[in-house]
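To keep things clear, I will list the structure first and then write my remarks on it.
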Amino acid sequence: MCRIAGIIDRNQSVETLSHRVKAMCESMQHGGPDDSGIYADLDAHVCLGNRRLAILDLSSSGHQPMESQDHNLAITYNGEIYNFKEIRTELISLGFLFKTQTDTEVILYAYQQWGEASFEKLDGIFAFSIFDKRKQCVYLVRDFNGIKPLYYHLENGQLTFASEVKAFQHANINQEDENWRIYYLAFGHIPEPYTTLKNVHSFAKGSFLRYDLRTAACEIQSYFQFESSSFITDENYAIKRIREELSKSIQHQLVSDVNIGVLFSGGLDSSIITLLANQFSEDNLSCISANFDEIDFSEHKQRTGLLNKINATKIERLITYRDFVQNFETVLHNMDQPTNDGINTWFVCKAAKENGIKSVLSGLGADELFGGYPSFDRIHKIQNLNWLSKSSLKSMRYFKNIKLKRLYYLSLDSPIGEYLCLRGVYSPDVIAELLDIDMKTVLDCLENIPVSPHIKNTSNETRASWFEFNMYMQNQLLKDTDFMSMSHGVEVRVPFLDRNFVSLVLSISNEIKFSYEQKKKLLVEAYKDDLPAETWNRSKMGFTFPFQEWMRKNKDISDPDRYTNKRAKTLMHAFGDNNLHWSSAFALYRIYHAS
């Protein structure tokens, strides 16, 4: 795991490019504390940079950027390739000689052998750039699930890229995107491809960019997309395949030259990951959990049942209100992009780092794939409102209840409207008041967000899963997990998002995959005999903190007098009366006091 950056610009000297790329990398040192490097080509005006977090081959031979033995290729890479050993064996049979035990070198020679076709062969979490001196081109490549971040800016023939948006200011790219506050107040995050900076975009998952150095022409192509087939209709067969593929995923993701832990909340998803990781781990597994003085938020009892069944090291971090206040501004800085999530991940990854753990497994992805969220039920309810006219839906803005006001979004022509009705923070009229702009500006901005039009024609469950997987998880959970963990130099691996496992789940019919009576029914059925009953036979809590109580106590956030905007002041009074969710209050603080 690393942080990467680079600039390609014929109008700048290599010395200038190197200086800027070095500064970009230094600003991301937290994500790559073990090593750093710069590669520059005088003739092509290409400069690549890297900050390294060593997970495989901890020796200096894993230094990046890495060149091929003939010096015709150079790579800067962030991620883990889980099938690198298999690809390495294949390349050795084709005559390649390896100097390191890294997956970086495998990517380099896979590209040398198969060119662009090599990208689809890689199974893992990755973002990298390859400079091909012979072909005179530069590639940007991002993994098929968009687990590792990659941002880019392309203007007047100059290509700049980095793992974090904040790094771009060191390349003199710092013009603010005027719409980011609209996105944030609507979504609680900034949806891809947008960022807080104008023309700095998140690179699309499962895609590669080819930049021709001779013509400055740039082309982006998709190399992988998941497909839903629903051909598995037998429940027993589906359960058997789920157990097989998830076990393979865990075994692949335990490959490391450092100790691996598990982010263990005590819920179903992290319990399954913990159970399997303990089964396949060669070393004593570390289970990292958060505890609170507030008893309603502590899942200690649920965790104990499983921990008594396995041989694992328990790392339980008590997190108090004082910890929250003392670290709050640091957490905000580490977010990189505004978001209403990720604070919890920051604290548990801090605990992992303090206990010498550089890599952890997470249960992220199961809710999106198997229907664990309330949205899978709510989407049926809002579909029953289809008979209402647009004018009736728009009149919902006059309700006082925030959830009812969000029904306004159903009047939008874009599928984004349905997602925002399910998961949005503020309705368009409130956003307009908070930002002192007209409502048409808000609506035009939101309706122009690119989204696949086919989603309108899918079943309710498929649509809910698509929204959760491609909007909520993609834009918020994965992004926040990466930034918050890497701020401590900790890598998070996500076994439920293994390519083969995701493909399997998408091939299971909705009739057996989703159930109103039992959330994540298939996953429960697959592992209920292996887990304590209290792990799966309870309502979903989620991996949450006592934020409602903590933020109301923190006057820097909750004092209405700190907000000059009239609507913001009213909303913060409601928060003080416990009539506004903490995430909505936090969004206001982020807009007015932390931007």
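As shown in the structure tokens, the chain order sets the letters A, B, ...; within each chain, residues go from 1, and ligands are also counted from 1 in the order they appear.
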
Who sits within 10 Å of range 457-463 of chain A, only C-alpha atoms, same chain under 2 positions skipped, as number ranges by chain = A: 228, 369-371, 375-380, 383, 415, 418-419, 453-455, 465-469, 506, 509-511, 513-515

request  = Would you kindly return, as number ranges by chain, each protein, DNA or RNA residue with an atom no farther than 8 Å from any atom of range 132-149 of chain A, considering only C-alpha atoms and excluding same-chain residues fewer than 3 positions away?
outcome  = A: 44, 72-74, 78-79, 119, 124-129, 163-164, 202-214, 224-225, 474, 478-479, 482, 497, 499

key: Non-local contacts of Ser18 in chain A (12 Å; only C-alpha atoms; under 2 positions in same chain excluded) as number ranges by chain   = A: 5-9, 12-16, 20-25, 37-42, 45-50, 170-171

inquiry  = With distances taken over only C-alpha atoms, which residue among A:Glu368, A:Asp480, A:Asp35, A:Glu86 lies nearest Gln64 in chain A?
reply    =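 Looking at the shortest contact to Gln64 in chain A, the residue is A:Asp35.
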
ask   = Asn11 in chain A: which residues within 10 Å, counting only C-alpha atoms, same-chain residues fewer than 5 positions away excluded, as number ranges by chain?
value = A: 17, 45, 156-158

Same residues, N, CA and C atoms, output as a JSON list (two decimals), in the first residue's frame:
```json
[["chain", "number", "residue", "atom", "x", "y", "z"],
["A", 17, "LEU", "N", 9.00, 19.74, -12.36],
["A", 17, "LEU", "CA", 8.07, 18.62, -12.17],
["A", 17, "LEU", "C", 8.48, 17.79, -10.96],
["A", 45, "HIS", "N", 9.43, 14.36, -20.25],
["A", 45, "HIS", "CA", 8.86, 15.26, -19.24],
["A", 45, "HIS", "C", 7.79, 14.53, -18.41],
["A", 156, "ASN", "N", -4.87, 21.44, -20.98],
["A", 156, "ASN", "CA", -3.82, 22.00, -21.85],
["A", 156, "ASN", "C", -2.63, 21.04, -22.02],
["A", 157, "GLY", "N", -2.93, 19.77, -22.15],
["A", 157, "GLY", "CA", -1.88, 18.78, -22.38],
["A", 157, "GLY", "C", -1.16, 18.31, -21.13],
["A", 158, "GLN", "N", -1.46, 18.93, -19.99],
["A", 158, "GLN", "CA", -0.81, 18.51, -18.73],
["A", 158, "GLN", "C", -1.70, 17.51, -18.01]]
```

ask   = Which is closer to Val360 in chain A than all the others in A:Gln326, A:Ser256, A:Asn386, A:Gln518, using only C-alpha atoms?
value = A:Ser256

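Once Ser583 in chain A and its same-chain neighbours fewer than 6 positions away are set aside, Gly188, Asn340 and Val425 of chain A remain within 8 Å of it when counting only C-alpha atoms.
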
task = Select from range 299-448 of chain A everything DSSP, run on the backbone, classes as helix (DSSP H, G or I), then give the selection as a PyMOL selection string.
result = chain A and resi 300-307+321-334+343-354+366-370+375-383+390-398+402-411+416-423+428-435+439-447

ask   = Can you list, as a PyMOL selection string, every protein, DNA or RNA residue that comes within 6 Å of Gly489 in chain A when you count only C-alpha atoms, leaving out same-chain residues fewer than 3 positions away?
value = chain A and resi 30-31+486

Write out as a tab-separated table a residue-level contact list of range 173-234 of chain A versus range 432-440 of chain A with cut-off 12 Å: for each qualifying residue the closest pair of atoms and the distance in Å to one decimal, counting only C-alpha atoms, rows sorted by chain and residue number upward.
```
residue	atom	partner	partner_atom	distance
A:Glu178	CA	A:Leu435	CA	11.1
A:Asn179	CA	A:Leu435	CA	10.4
A:Trp180	CA	A:Leu435	CA	11.2
A:Arg181	CA	A:Leu435	CA	7.9
A:Ile182	CA	A:Leu435	CA	8.0
A:Tyr183	CA	A:Leu435	CA	11.6
A:Tyr184	CA	A:Leu435	CA	11.5
A:Leu185	CA	A:Leu434	CA	9.0
A:Ala186	CA	A:Ala432	CA	10.6
```

With N, CA, C and O atoms retained, could you export that selection as a PDB file, in the first residue's frame?
```pdb
ATOM      1  N   GLU A 178     -17.267  25.081  -7.561  1.00  0.00           N
ATOM      2  CA  GLU A 178     -18.312  25.887  -6.917  1.00  0.00           C
ATOM      3  C   GLU A 178     -19.514  25.053  -6.467  1.00  0.00           C
ATOM      4  O   GLU A 178     -20.338  25.526  -5.682  1.00  0.00           O
ATOM      5  N   ASN A 179     -19.608  23.802  -6.942  1.00  0.00           N
ATOM      6  CA  ASN A 179     -20.774  22.984  -6.613  1.00  0.00           C
ATOM      7  C   ASN A 179     -20.555  22.008  -5.458  1.00  0.00           C
ATOM      8  O   ASN A 179     -21.496  21.310  -5.065  1.00  0.00           O
ATOM      9  N   TRP A 180     -19.339  21.942  -4.927  1.00  0.00           N
ATOM     10  CA  TRP A 180     -19.081  20.869  -3.971  1.00  0.00           C
ATOM     11  C   TRP A 180     -19.972  20.944  -2.732  1.00  0.00           C
ATOM     12  O   TRP A 180     -20.358  19.913  -2.159  1.00  0.00           O
ATOM     13  N   ARG A 181     -20.332  22.126  -2.294  1.00  0.00           N
ATOM     14  CA  ARG A 181     -21.179  22.246  -1.101  1.00  0.00           C
ATOM     15  C   ARG A 181     -22.595  21.734  -1.370  1.00  0.00           C
ATOM     16  O   ARG A 181     -23.243  21.175  -0.477  1.00  0.00           O
ATOM     17  N   ILE A 182     -23.061  21.925  -2.600  1.00  0.00           N
ATOM     18  CA  ILE A 182     -24.375  21.375  -2.971  1.00  0.00           C
ATOM     19  C   ILE A 182     -24.335  19.855  -2.886  1.00  0.00           C
ATOM     20  O   ILE A 182     -25.215  19.219  -2.286  1.00  0.00           O
ATOM     21  N   TYR A 183     -23.309  19.260  -3.493  1.00  0.00           N
ATOM     22  CA  TYR A 183     -23.173  17.798  -3.449  1.00  0.00           C
ATOM     23  C   TYR A 183     -23.128  17.299  -2.004  1.00  0.00           C
ATOM     24  O   TYR A 183     -23.803  16.334  -1.641  1.00  0.00           O
ATOM     25  N   TYR A 184     -22.326  17.970  -1.215  1.00  0.00           N
ATOM     26  CA  TYR A 184     -22.109  17.503   0.154  1.00  0.00           C
ATOM     27  C   TYR A 184     -23.380  17.593   0.995  1.00  0.00           C
ATOM     28  O   TYR A 184     -23.724  16.660   1.733  1.00  0.00           O
ATOM     29  N   LEU A 185     -24.110  18.705   0.893  1.00  0.00           N
ATOM     30  CA  LEU A 185     -25.328  18.865   1.682  1.00  0.00           C
ATOM     31  C   LEU A 185     -26.443  17.930   1.209  1.00  0.00           C
ATOM     32  O   LEU A 185     -27.340  17.585   1.972  1.00  0.00           O
ATOM     33  N   ALA A 186     -26.384  17.507  -0.043  1.00  0.00           N
ATOM     34  CA  ALA A 186     -27.382  16.569  -0.558  1.00  0.00           C
ATOM     35  C   ALA A 186     -27.031  15.134  -0.198  1.00  0.00           C
ATOM     36  O   ALA A 186     -27.873  14.368   0.275  1.00  0.00           O
TER      37      ALA A 186
END
```

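Note that CA of Ser414 in chain A and CA of Ser391 in chain A are 16.2 Å apart.
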
task = Identify all residues of range 273-402 of chain A in strand (DSSP E) (DSSP on the backbone) and supply them as a list in words.
result = Leu285, Ser286, Cys287, Ile288, Ser289, Ala290, Asn291, Ala312, Thr313, Lys314, Ile315, Glu316, Arg317, Leu318, Ser359, Val360 and Leu361 of chain A

ask   = Distance CA of Thr196 in chain A-CA of Asp336 in chain A, one decimal place?
value = 9.5 Å

key: Who sits within 12 Å of Ser389 in chain A, only C-alpha atoms, same chain under 6 positions skipped, as a list in words   =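 Residues meeting the cut-off are Ser395, Met396, Tyr408, Leu410, Ser411 and Leu412 of chain A.
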
query = Please, what distance in Å, to one decimal, runs between CA of Ile343 in chain A and CA of Val331 in chain A?
reply = 6.7 Å

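When only C-alpha atoms are used to compute distances to Ala594 in chain A, the closest of the residues A:Lys569, A:Lys403, A:Arg397, A:His333 turns out to be A:His333.
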
query = From the set A:Ser270, A:Ser427, A:Asn327, A:Gln175, which residue has the shortest atom-to-atom contact distance to Thr195 in chain A, counting only C-alpha atoms?
reply =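 Counting only C-alpha atoms, the residue closest to Thr195 in chain A is A:Gln175.
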
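The shortest atom-to-atom distance to Gly424 in chain A, with only C-alpha atoms taken into account, belongs to A:Pro191 out of A:Gly261, A:Pro450, A:Gly372, A:Pro191.
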